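This report concerns only the one structure given below.
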Number of protein chains: 2
Amino acid sequence: MDATVTAPNPPLRVQRQREVVAALQRVLPTRSVLWHDESVAPYECDGLSAYRQRPLAVALPETHEEVGAVLKACHALNVPVVARGAGTGLSGGALPDNLGVTLSLARLNRIVHLDPLARTAIVQCGVRNLAISEAAAAHGLYYAPDPSSQIACTIGGNVAENAGGVHCLKYGLTVHNVLRVRGFTVEGESLTLGSEALDAAGLDLLAAFIGSEGLLGVATEVTVRLLPRPQVARCMLASFDDIGKAGDAVAAIIGAGLIPAGLEMMDRPMTAAVEDFVHAGYDLEAAAILLVESDGTPEEVDEEIARLTDVLQAAGATRLDISADEAQRLRFWSGRKNAFPATGRISPDYLCMDASIPRKRLAEMLHAINAMQTTYALRCVNVFHAGDGNLHPLILFDANNPQQLHQAEAFGNDILRTAVRLGGSITGEHGVGVEKLDAMCVQFSDAERGQMLAFKAAFDPQGLLNPGKAVPLLARCGELRGVVKSSALNEALNSLPRL
Amino acid sequence: MDATVTAPNPPLRVQRQREVVAALQRVLPTRSVLWHDESVAPYECDGLSAYRQRPLAVALPETHEEVGAVLKACHALNVPVVARGAGTGLSGGALPDNLGVTLSLARLNRIVHLDPLARTAIVQCGVRNLAISEAAAAHGLYYAPDPSSQIACTIGGNVAENAGGVHCLKYGLTVHNVLRVRGFTVEGESLTLGSEALDAAGLDLLAAFIGSEGLLGVATEVTVRLLPRPQVARCMLASFDDIGKAGDAVAAIIGAGLIPAGLEMMDRPMTAAVEDFVHAGYDLEAAAILLVESDGTPEEVDEEIARLTDVLQAAGATRLDISADEAQRLRFWSGRKNAFPATGRISPDYLCMDASIPRKRLAEMLHAINAMQTTYALRCVNVFHAGDGNLHPLILFDANNPQQLHQAEAFGNDILRTAVRLGGSITGEHGVGVEKLDAMCVQFSDAERGQMLAFKAAFDPQGLLNPGKAVPLLARCGELRGVVKSSALNEALNSLPRL
């Protein structure tokens, strides 16, 4: 990873900073503009902490109108704006621009309206994901997408990255659970996408906005769909003596017409790391385990579990445990939910990958990753949202060993290229950010990326919103192709079927 | 409706036609290019037959590659292209351009691949909606969106208009059931949007493409999601002595956390017309009836019907019938499915409106439409996809009476304005086409429409794809505002809350 900052002549930057801070102070109270080095420091990175930059200033508006005023002020000065929620993103989408303003939406944290009859909630962008479900609980409702960071991450960040979670197989990603987004264009003009109705007239730009990583506009308010909390949920643990069999079991479940509420896979090294940490009761003999959740009415859950049992046994499960009560269900999940911190305990550093593949290719992908461990002489532990084909291989390395860092990156790129070759994608739910710009050159042709940039320009002709993120400029991919000429990556590029 | 054709100097048009036909004949076999008046006549309108135009030529490519070649040829000549499926659309989206080529995709009618394990089907654009479910039936699967025209309409047209149907409350619109679209840009370059995985890298342009009414590109192949056919389905008929109570019952069902597979409403004039035609067994005493479908496992359906019964009775249902077997269920639905032809039997002409409102405003909307019958001295029969707030009021009139035609249009506009005022939209599932261009001026500000046009330009800078459809040019809305100055519409425009 290259986190080199190409700062301009410092005196020029200082002058620019004065100008920008003064403009922000004209539209915001003093408490809402940070620019001293020590106060800006907490904003210099998001969850991808390998990349760090300091912005000229951090604006902390407290109202919808103040957000518009900040954008108007920045637009007038032609200064880049990077919106930020809780900063839990894993791909560097909220990495500041060294010559830009970081626009924190953390103070817009009010639940504006919760309508149990319509089963919707209007919430400000800085509201935490979990806080929505907490507020809805009184009405027996909840907000379905549940990224691992849900206790901290904000709905605004969820919209920017189209966040998923362990239940998105059945209940969808953010894009499937958001009805409307209100906010501002780069010019500070009001923007509303979507509607409370099932459909809206005009082009459906809501889905394009969701997951656009702050490139198209800044959201201040999100209308989300709430779902009735299922009466019962039970979790099954299924063991397999071969990781490929576990992959095929996932395809067999879906092929049998079953859509579990959660369908996760962990391989043996992962369960070992986790079991040692949280004592979830996992089978340490298994080459891989599946966590399969069923929810609904008691009758529905009983029937689904009976059918799942048949499919899992036919697929060669060597052991099946079914949670007997809610406490056991939560214990089963505690392991999965702590996979990342458990990994932190067994390796000084790890690279968390995020790729998607068609689920019928799971076994193939698992075997490929296994072989790569030899190729790159590094270990990889695997935790997958298997049901929707979203992989999170965690490549273990020691960042103090430059050779290992290099190998880990090569390992990661190999996983992404393999995902694309199998008909999948370089990202499942973490976004492109700055982390996967080069991978975008692998997945998309110049014409495709040109189209994305044209689309971006239709919203933001000067490229002031979150510049340098998500969609690489054509020149970057050109350079990349130059650099890797005759290399393995280049061969991979040339051998890719054009979809 | 103004269907005036402003044709250019005829000799110039003939010259242009020769040029275009010659270019098409260079890339297509002779049988695939129509231009004689009699052979082009069947293509002069779609389901909105009040508008008619003849294209310069009709191209009937038979392969994906031929579609690309047609687009390349047209682009080279700067000639507009209007893609067409089965021509069943109700808003004039496939109305030809008098100086353009109609690109019929009817011959691309092959099911390319059906994968029961992945539960997906790759189908060419000219495949009929129902044909997908027929092919999937052998595997216990089906394609969920079921517009009334499903026996004839094509999946390509469904994608263009984001078609719905009576089951979209539970199973979603086209946009929720399509994973990937392959086709071409206006330049004839390959275009692929979406992926077989749950998510795809890059901007999510698939949803923007779906429902974009042929403005952004031409699809040739669609990957759809298939669902397992439910084990059981049963339909309830609930009678109400007041149309407002029926509307409130719909909100109560959703508010109780129930999402029926179908939730339709018909008012008394509609049931009377239908009962006379198909003898479905509807309660002719009721001011309104609801059709409520439950599907799933037998246990699930039993439980849902018990809960629905409680809610419907609490909401004041005066009679409840539950289908005892599949034959009765189909008879209950036969009335709803024949609502449009039944209306054709009781009135020489009718205007089928298509608006969406938040469902909690249903009762309010029904009372407003009732009052409009007096204002405009015309009858209106009502059939609603009540569960998702999508209304199809059918305004009865006699087109041979110019005063009635005028009143019917004014009635229709009033319904659309009221829908927007209640927080809804001017279209639910039929699209804007040419029919609702003026209504787009009511719903969206100049800035919003400007944004849509900028987005269109990012795909099609010369505006060659389906020109004059879906998004009105700013000048048109300006003129409309001028025309209606000081009129009721203008007042309505000014009183609209800006979302």
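Labels for the structure tokens follow display order: chains A, B, ..., residues from 1 in each chain, ligands from 1.
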
Practice item. Give the residues of chain A that lie within 7 Å of chain B; count only C-alpha atoms, and format the answer as JSON, numbers by chain. Key: {"A": [116, 117, 118, 119, 192, 196, 197, 198, 199, 200, 201, 202, 203, 204, 205, 207, 208, 211, 212, 228, 251, 254, 255, 257, 299, 300, 356, 357, 358, 360, 388, 389, 424, 425, 426, 427, 428, 452, 454, 455, 458, 471, 499]}

Review point. Range 94-111 of chain B: which residues within 6 Å, counting only C-alpha atoms, same-chain residues fewer than 5 positions away excluded, as number ranges by chain?
Key: B: 45-46, 53-60, 62, 79-85, 123-124, 126-127

Point to revise | Secondary structure check, strand (DSSP E or B) residues of range 105-275 of chain B, as a PyMOL selection string | key: chain B and resi 111-115+120-124+128+141-142+154+178-184+190-194+218-225+227-228+232-240+262-267

**Study point:** Long-range neighbours of range 397-401 of chain A as a ChimeraX atom specification, 7 Å cut-off, only C-alpha atoms, 4 positions minimum in chain
**Key:** /A:347-350,378,405,408

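Counting from CA of Ser323 in chain B, the distance to CA of Val278 in chain B is 16.6 Å.
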
Check your understanding: Near Ala342 in chain B, counting only C-alpha atoms, which residues have an atom at most 8 Å away, once you skip same-chain residues fewer than 6 positions from it, shown as number ranges by chain?
Key -> B: 273-274, 277

Using all heavy atoms, can you export the residues from the last selection as an mmCIF file, in the first residue's frame?
```
data_model
loop_
_atom_site.group_PDB
_atom_site.id
_atom_site.type_symbol
_atom_site.label_atom_id
_atom_site.label_comp_id
_atom_site.auth_asym_id
_atom_site.auth_seq_id
_atom_site.Cartn_x
_atom_site.Cartn_y
_atom_site.Cartn_z
ATOM 1 N N ALA B 273 -69.014 -4.421 -12.866
ATOM 2 C CA ALA B 273 -68.653 -4.604 -14.274
ATOM 3 C C ALA B 273 -68.002 -5.965 -14.496
ATOM 4 O O ALA B 273 -68.270 -6.664 -15.481
ATOM 5 C CB ALA B 273 -67.696 -3.484 -14.713
ATOM 6 N N VAL B 274 -67.148 -6.343 -13.548
ATOM 7 C CA VAL B 274 -66.383 -7.571 -13.678
ATOM 8 C C VAL B 274 -67.257 -8.806 -13.459
ATOM 9 O O VAL B 274 -67.171 -9.793 -14.186
ATOM 10 C CB VAL B 274 -65.215 -7.532 -12.665
ATOM 11 C CG1 VAL B 274 -64.798 -8.918 -12.279
ATOM 12 C CG2 VAL B 274 -64.050 -6.740 -13.243
ATOM 13 N N PHE B 277 -69.163 -9.970 -16.220
ATOM 14 C CA PHE B 277 -68.323 -10.494 -17.307
ATOM 15 C C PHE B 277 -67.809 -11.901 -16.986
ATOM 16 O O PHE B 277 -67.906 -12.816 -17.802
ATOM 17 C CB PHE B 277 -67.169 -9.507 -17.505
ATOM 18 C CG PHE B 277 -66.230 -9.810 -18.643
ATOM 19 C CD1 PHE B 277 -66.685 -10.348 -19.854
ATOM 20 C CD2 PHE B 277 -64.867 -9.520 -18.526
ATOM 21 C CE1 PHE B 277 -65.806 -10.599 -20.902
ATOM 22 C CE2 PHE B 277 -63.991 -9.783 -19.573
ATOM 23 C CZ PHE B 277 -64.457 -10.322 -20.755
#
```

Point to revise | Distance in Å - CA of Asn338 in chain B versus CA of Ile289 in chain B | key: 15.3 Å

Review point. As number ranges by chain, which residues of range 278-398 of chain A does DSSP assign to alpha helix (DSSP H)?
Key: A: 278, 298-314, 326-337, 339-346, 362-376

Review point. B:Ile155, B:Met365, B:Leu263, B:Leu396: which is nearest Cys125 in chain B, counting only C-alpha atoms?
Key: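 The shortest atom-to-atom distance to Cys125 in chain B comes from B:Ile155.
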
Study note, to complete from the structure: Between B:His406, B:His392, B:His75, B:Arg225, smallest distance to Leu465 in chain B by only C-alpha atoms belongs to B:His75
